[in-house]
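To be precise, the following lines are data.txt, and they hold compact mmCIF, C-alpha atoms.
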```txt
# COMPACT_ATOMS: atom_id res chain seq x y z
CA MET A 5 154.99 154.59 94.36
CA MET A 6 154.53 151.34 96.27
CA THR A 7 151.15 149.62 96.36
CA ALA A 8 149.83 147.17 98.91
CA ALA A 9 150.11 143.53 97.89
CA THR A 10 146.84 141.79 97.04
CA PRO A 11 145.96 139.46 99.93
CA ALA A 12 145.90 135.75 99.15
CA PRO A 13 142.37 134.37 98.71
CA ALA A 14 140.68 132.33 101.41
CA ALA A 15 138.59 129.19 101.03
CA ALA A 16 135.82 127.37 102.86
CA PHE A 17 136.11 123.57 102.89
CA PHE A 18 132.91 121.66 103.60
CA ASP A 19 132.62 118.00 104.48
CA VAL A 20 129.33 116.64 103.10
CA ASP A 21 127.92 113.58 104.84
CA ARG A 22 126.31 114.50 108.17
CA THR A 23 127.70 118.03 107.77
CA LEU A 24 125.80 119.48 104.82
CA VAL A 25 123.61 116.41 104.16
CA GLY A 26 122.17 114.08 106.76
CA PRO A 27 121.49 112.10 108.75
CA GLU A 28 122.80 109.30 106.51
CA SER A 29 125.55 109.44 103.93
CA MET A 30 124.64 110.20 100.34
CA GLU A 31 126.17 106.92 99.20
CA LYS A 32 123.98 104.81 101.52
CA LEU A 33 120.88 106.59 100.28
CA PHE A 34 122.00 106.06 96.71
CA ALA A 35 122.72 102.35 97.25
CA ARG A 36 119.21 101.73 98.55
CA PHE A 37 117.81 103.73 95.64
CA LEU A 38 119.78 101.61 93.15
CA ILE A 39 118.52 98.39 94.74
CA ARG A 40 114.93 99.58 94.49
CA ARG A 41 115.48 100.48 90.84
CA GLY A 42 117.00 97.10 90.07
CA PHE A 43 120.37 98.56 89.10
CA LEU A 44 121.98 96.56 91.92
CA GLY A 45 120.99 92.99 92.68
CA PRO A 46 122.15 89.88 94.58
CA GLY A 47 124.95 89.21 92.10
CA ASP A 48 126.37 92.68 92.65
CA LEU A 49 126.29 92.19 96.42
CA GLY A 50 128.06 88.88 95.91
CA ARG A 51 130.87 90.59 94.00
CA TYR A 52 131.17 93.18 96.77
CA LEU A 53 131.48 90.48 99.46
CA ALA A 54 133.85 88.37 97.33
CA TYR A 55 136.16 91.37 96.94
CA LEU A 56 136.21 91.84 100.72
CA ALA A 57 136.97 88.15 101.21
CA ARG A 58 139.89 88.27 98.76
CA HIS A 59 141.39 91.28 100.54
CA TRP A 60 140.38 90.49 104.12
CA GLU A 61 143.87 91.36 105.40
CA ARG A 62 143.16 95.02 104.51
CA LEU A 63 139.83 95.27 106.34
CA GLY A 64 141.25 97.75 108.83
CA SER A 65 142.62 100.11 106.16
CA GLY A 66 139.39 101.54 104.75
CA LEU A 67 138.73 98.63 102.38
CA VAL A 68 134.98 98.64 103.06
CA ARG A 69 134.68 102.31 102.11
CA GLU A 70 136.88 101.91 99.02
CA ASN A 71 135.24 98.71 97.73
CA LYS A 72 133.08 99.60 94.72
CA TYR A 73 132.98 96.12 93.19
CA HIS A 74 129.17 96.11 93.31
CA PHE A 75 129.35 98.65 90.47
CA LYS A 76 131.66 96.54 88.29
CA ASP A 77 130.57 96.25 84.63
CA LYS A 78 127.71 98.73 85.08
CA ASP A 79 126.83 101.32 82.45
CA PRO A 80 128.35 104.67 83.50
CA GLU A 81 125.70 106.68 81.62
CA GLU A 82 122.85 104.87 83.36
CA PHE A 83 124.69 105.26 86.65
CA GLN A 84 124.95 109.01 86.07
CA ARG A 85 121.27 109.27 85.14
CA LEU A 86 120.18 107.41 88.27
CA ALA A 87 122.51 109.55 90.40
CA GLY A 88 120.67 112.64 89.15
CA GLU A 89 117.29 111.11 89.83
CA CYS A 90 118.30 110.11 93.35
CA PHE A 91 119.93 113.45 94.10
CA TRP A 92 117.04 115.67 93.07
CA GLY A 93 114.39 113.39 94.55
CA GLU A 94 115.93 112.10 97.77
CA ILE A 95 119.21 113.83 98.63
CA ARG A 96 118.51 117.48 97.89
CA PRO A 97 115.64 117.65 100.44
CA ARG A 98 118.14 116.51 103.09
CA ILE A 99 120.55 119.42 102.58
CA SER A 100 120.79 121.38 105.81
CA PRO A 101 119.20 124.85 105.51
CA ALA A 102 121.79 126.16 107.99
CA GLY A 103 124.56 124.59 105.93
CA ARG A 104 123.18 126.14 102.76
CA ARG A 105 123.12 129.56 104.43
CA MET A 106 126.73 129.13 105.56
CA VAL A 107 127.81 128.30 102.02
CA ARG A 108 126.10 131.46 100.80
CA GLN A 109 127.83 133.56 103.46
CA HIS A 110 131.22 132.35 102.29
CA GLN A 111 130.29 132.99 98.68
CA ALA A 112 129.22 136.52 99.58
CA ALA A 113 132.60 137.01 101.29
CA GLY A 114 134.36 136.00 98.08
CA HIS A 115 135.74 132.72 99.47
CA LEU A 116 136.45 129.71 97.28
CA VAL A 117 133.85 127.10 98.31
CA VAL A 118 135.09 123.52 98.14
CA LEU A 119 133.14 120.32 98.88
CA LEU A 120 135.53 117.72 100.27
CA THR A 121 133.95 114.29 100.58
CA GLY A 122 134.52 110.57 100.35
CA SER A 123 131.14 110.21 98.66
CA LEU A 124 130.78 109.34 94.99
CA GLY A 125 131.72 111.95 92.42
CA PRO A 126 128.39 112.17 90.55
CA LEU A 127 126.53 112.92 93.79
CA ALA A 128 129.13 115.43 94.96
CA ASP A 129 129.06 117.17 91.56
CA LEU A 130 125.28 117.53 91.70
CA LEU A 131 125.48 118.92 95.22
CA ALA A 132 128.16 121.39 94.10
CA ARG A 133 125.94 122.49 91.23
CA ASP A 134 122.96 122.98 93.53
CA LEU A 135 124.99 124.95 96.09
CA GLU A 136 126.96 126.78 93.37
CA ALA A 137 130.19 125.59 95.02
CA ASP A 138 133.43 126.11 93.13
CA LEU A 139 134.85 122.60 93.42
CA ALA A 140 133.87 119.09 94.48
CA LEU A 141 136.74 116.83 95.53
CA ALA A 142 135.22 113.36 95.82
CA ALA A 143 135.68 109.64 95.16
CA ARG A 144 135.79 109.04 91.40
CA LEU A 145 134.85 105.69 89.86
CA ALA A 146 137.20 104.25 87.26
CA VAL A 147 135.85 103.37 83.81
CA GLU A 148 137.45 100.61 81.71
CA ASN A 149 136.33 99.54 78.22
CA GLY A 150 133.17 101.62 78.52
CA THR A 151 131.91 100.18 81.82
CA LEU A 152 132.54 100.88 85.49
CA ALA A 153 135.61 99.02 86.72
CA GLY A 154 134.47 98.57 90.33
CA THR A 155 137.45 100.56 91.59
CA LEU A 156 138.32 104.19 92.24
CA CYS A 157 140.60 106.14 89.91
CA ASN A 158 141.77 108.37 92.78
CA PRO A 159 142.52 107.91 96.49
CA ARG A 160 139.26 108.28 98.42
CA PRO A 161 139.16 111.69 100.13
CA TYR A 162 139.18 110.61 103.75
CA GLY A 163 141.31 111.53 106.76
CA ALA A 164 144.88 112.33 105.79
CA GLU A 165 143.99 112.25 102.08
CA LYS A 166 141.58 115.16 102.61
CA ALA A 167 144.38 117.14 104.23
CA ARG A 168 146.71 116.33 101.33
CA LEU A 169 144.12 117.60 98.84
CA VAL A 170 143.69 120.82 100.81
CA ARG A 171 147.43 121.46 100.90
CA GLU A 172 147.71 120.71 97.19
CA LEU A 173 144.82 123.03 96.31
CA ALA A 174 146.20 125.76 98.57
CA GLN A 175 149.52 125.63 96.75
CA ARG A 176 147.91 125.55 93.30
CA ARG A 177 145.51 128.41 94.02
CA SER A 178 147.83 130.36 96.39
CA LEU A 179 145.22 130.14 99.16
CA ASP A 180 145.70 131.64 102.59
CA LEU A 181 144.89 128.69 104.85
CA ALA A 182 145.27 130.84 107.98
CA ALA A 183 142.31 132.91 106.74
CA SER A 184 140.37 129.88 105.49
CA TYR A 185 137.54 127.85 107.06
CA ALA A 186 136.80 124.15 107.32
CA TYR A 187 133.62 122.37 108.45
CA GLY A 188 133.50 118.71 109.50
CA ASP A 189 131.52 116.33 111.67
CA HIS A 190 133.86 113.38 112.26
CA HIS A 191 137.15 112.91 114.06
CA SER A 192 138.65 111.82 110.72
CA ASP A 193 138.20 115.46 109.64
CA LEU A 194 140.69 116.64 112.28
CA ALA A 195 143.55 116.60 109.76
CA VAL A 196 141.72 119.16 107.60
CA LEU A 197 140.32 121.20 110.46
CA SER A 198 143.80 121.60 111.91
CA LEU A 199 145.12 123.07 108.65
CA VAL A 200 142.97 126.18 108.61
CA GLY A 201 142.73 129.22 110.83
CA ASN A 202 138.97 128.87 111.26
CA PRO A 203 137.94 125.26 111.98
CA VAL A 204 134.29 124.55 112.81
CA ALA A 205 132.95 121.29 114.25
CA VAL A 206 129.48 120.62 112.82
CA ASN A 207 127.22 117.96 114.36
CA PRO A 208 130.45 116.49 115.81
CA ASP A 209 130.96 112.92 116.97
CA ALA A 210 132.20 112.47 120.54
CA ARG A 211 135.91 112.55 119.70
CA LEU A 212 135.66 115.65 117.53
CA ARG A 213 133.45 117.40 120.10
CA LEU A 214 136.00 116.77 122.84
CA HIS A 215 138.85 118.01 120.66
CA ALA A 216 136.87 121.12 119.68
CA LEU A 217 136.12 121.92 123.31
CA ARG A 218 139.76 121.54 124.26
CA ARG A 219 140.92 123.75 121.40
CA GLY A 220 138.13 126.32 121.71
CA TRP A 221 136.78 125.63 118.23
CA PRO A 222 133.21 126.67 117.43
CA ILE A 223 130.65 123.85 117.54
CA ARG A 224 127.58 124.23 115.33
CA LYS A 225 124.42 122.31 114.58
CA PHE A 226 123.46 122.15 110.92
```
Please express the file's structure as structure tokens.
Amino acid sequence: MMTAATPAPAAAFFDVDRTLVGPESMEKLFARFLIRRGFLGPGDLGRYLAYLARHWERLGSGLVRENKYHFKDKDPEEFQRLAGECFWGEIRPRISPAGRRMVRQHQAAGHLVVLLTGSLGPLADLLARDLEADLALAARLAVENGTLAGTLCNPRPYGAEKARLVRELAQRRSLDLAASYAYGDHHSDLAVLSLVGNPVAVNPDARLRLHALRRGWPIRKF
């Protein structure tokens, strides 16, 4: 007797900054927090600017977003502790109630919930824990000889890299992307939104809004 094949699972991919958390990015909030706490100072800013100066020819290729030289030689344990303090005190209150409800709806439907963000890993992990998301794909800081190296140990999830991560995860988990959902606010999220059968533009910038209107994608305010 033949039995029906089990359908492939679906996922819901959520951008974070200005989609689930706003109006500023988590990393900007965290940077100001670290300055107030004295973890970052003028010397750290100098290293950040010096790194940009040395690699000025790459300024148009995402160098500013990928430059983490202000964290070079910092204690990763203290960094993690301060990330928790900042998240619970300053970032968690900025999570969109509508976004939180949408995450819960996907969880109730049995979907794999994935946070997909260019923000720093410790912040994304704390957000995933709070939302009970299944995965957080984020920018991970490299550690060398027990201190932060000032670089990333993975390509920053942004634009085409986000789409690559989605395709890779879909293959590894046998996900049905046609039945899956993606939520994003920026035109750089188009690569991911175009991969799934249910794209949603959330708080979209002008370019994403125009594209969503042309394609008939839902537009939501979180």
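Closest approach to Arg133 in chain A among A:Tyr162, A:His215, A:Ala112, A:Gly88 is made by A:Gly88 (distances from all atoms listed in the file).
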*asked:* Report as a list in words all protein, DNA and RNA residues lying within 12 Å of Gly50 in chain A, evaluated on all atoms listed in the file, omitting residues in the same chain fewer than 4 positions from it.
replied: Leu44, Gly45, Pro46, Ala54, Tyr55, Leu56, Ala57, Lys72, Tyr73, His74, Phe75 and Lys76 of chain A
*May I ask which of the residues A:Arg144, A:Gly154, A:Glu136, A:Val25 is the closest one to Asp48 in chain A, counting all atoms listed in the file?*
A:Gly154
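Between CA of Phe17 in chain A and CA of Phe91 in chain A the separation is 21.0 Å.
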Would you list the contacts of range 183-194 of chain A as a compact mmCIF listing (two decimals) with C-alpha atoms, in the coordinates of the input, taking every protein, DNA or RNA residue within 6 Å and counting all atoms listed in the file, but skipping same-chain residues closer than 6 positions in sequence?
```
# COMPACT_ATOMS: atom_id res chain seq x y z
CA ALA A 14 140.68 132.33 101.41
CA ALA A 15 138.59 129.19 101.03
CA ALA A 16 135.82 127.37 102.86
CA PHE A 17 136.11 123.57 102.89
CA PHE A 18 132.91 121.66 103.60
CA ASP A 19 132.62 118.00 104.48
CA THR A 23 127.70 118.03 107.77
CA GLY A 163 141.31 111.53 106.76
CA VAL A 200 142.97 126.18 108.61
CA GLY A 201 142.73 129.22 110.83
CA ASN A 202 138.97 128.87 111.26
CA PRO A 203 137.94 125.26 111.98
CA VAL A 204 134.29 124.55 112.81
CA ALA A 205 132.95 121.29 114.25
CA VAL A 206 129.48 120.62 112.82
CA ASN A 207 127.22 117.96 114.36
CA PRO A 208 130.45 116.49 115.81
CA ASP A 209 130.96 112.92 116.97
CA ARG A 211 135.91 112.55 119.70
CA LEU A 212 135.66 115.65 117.53
```
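With all atoms listed in the file as the atoms that count, the minimum distance from Arg104 in chain A to the choices A:Asp134, A:Asp79, A:Asp180, A:Asp129 is reached by A:Asp134.
Put simply, CA of Gln111 in chain A is 12.2 Å away from CA of Pro13 in chain A.
In this structure, CA of Thr121 in chain A sits 17.7 Å away from CA of Cys90 in chain A.
Proximity of A:Pro27, A:Pro97, A:Pro159, A:Gly114 to Leu131 in chain A, computed with only C-alpha atoms, is greatest for A:Pro97.
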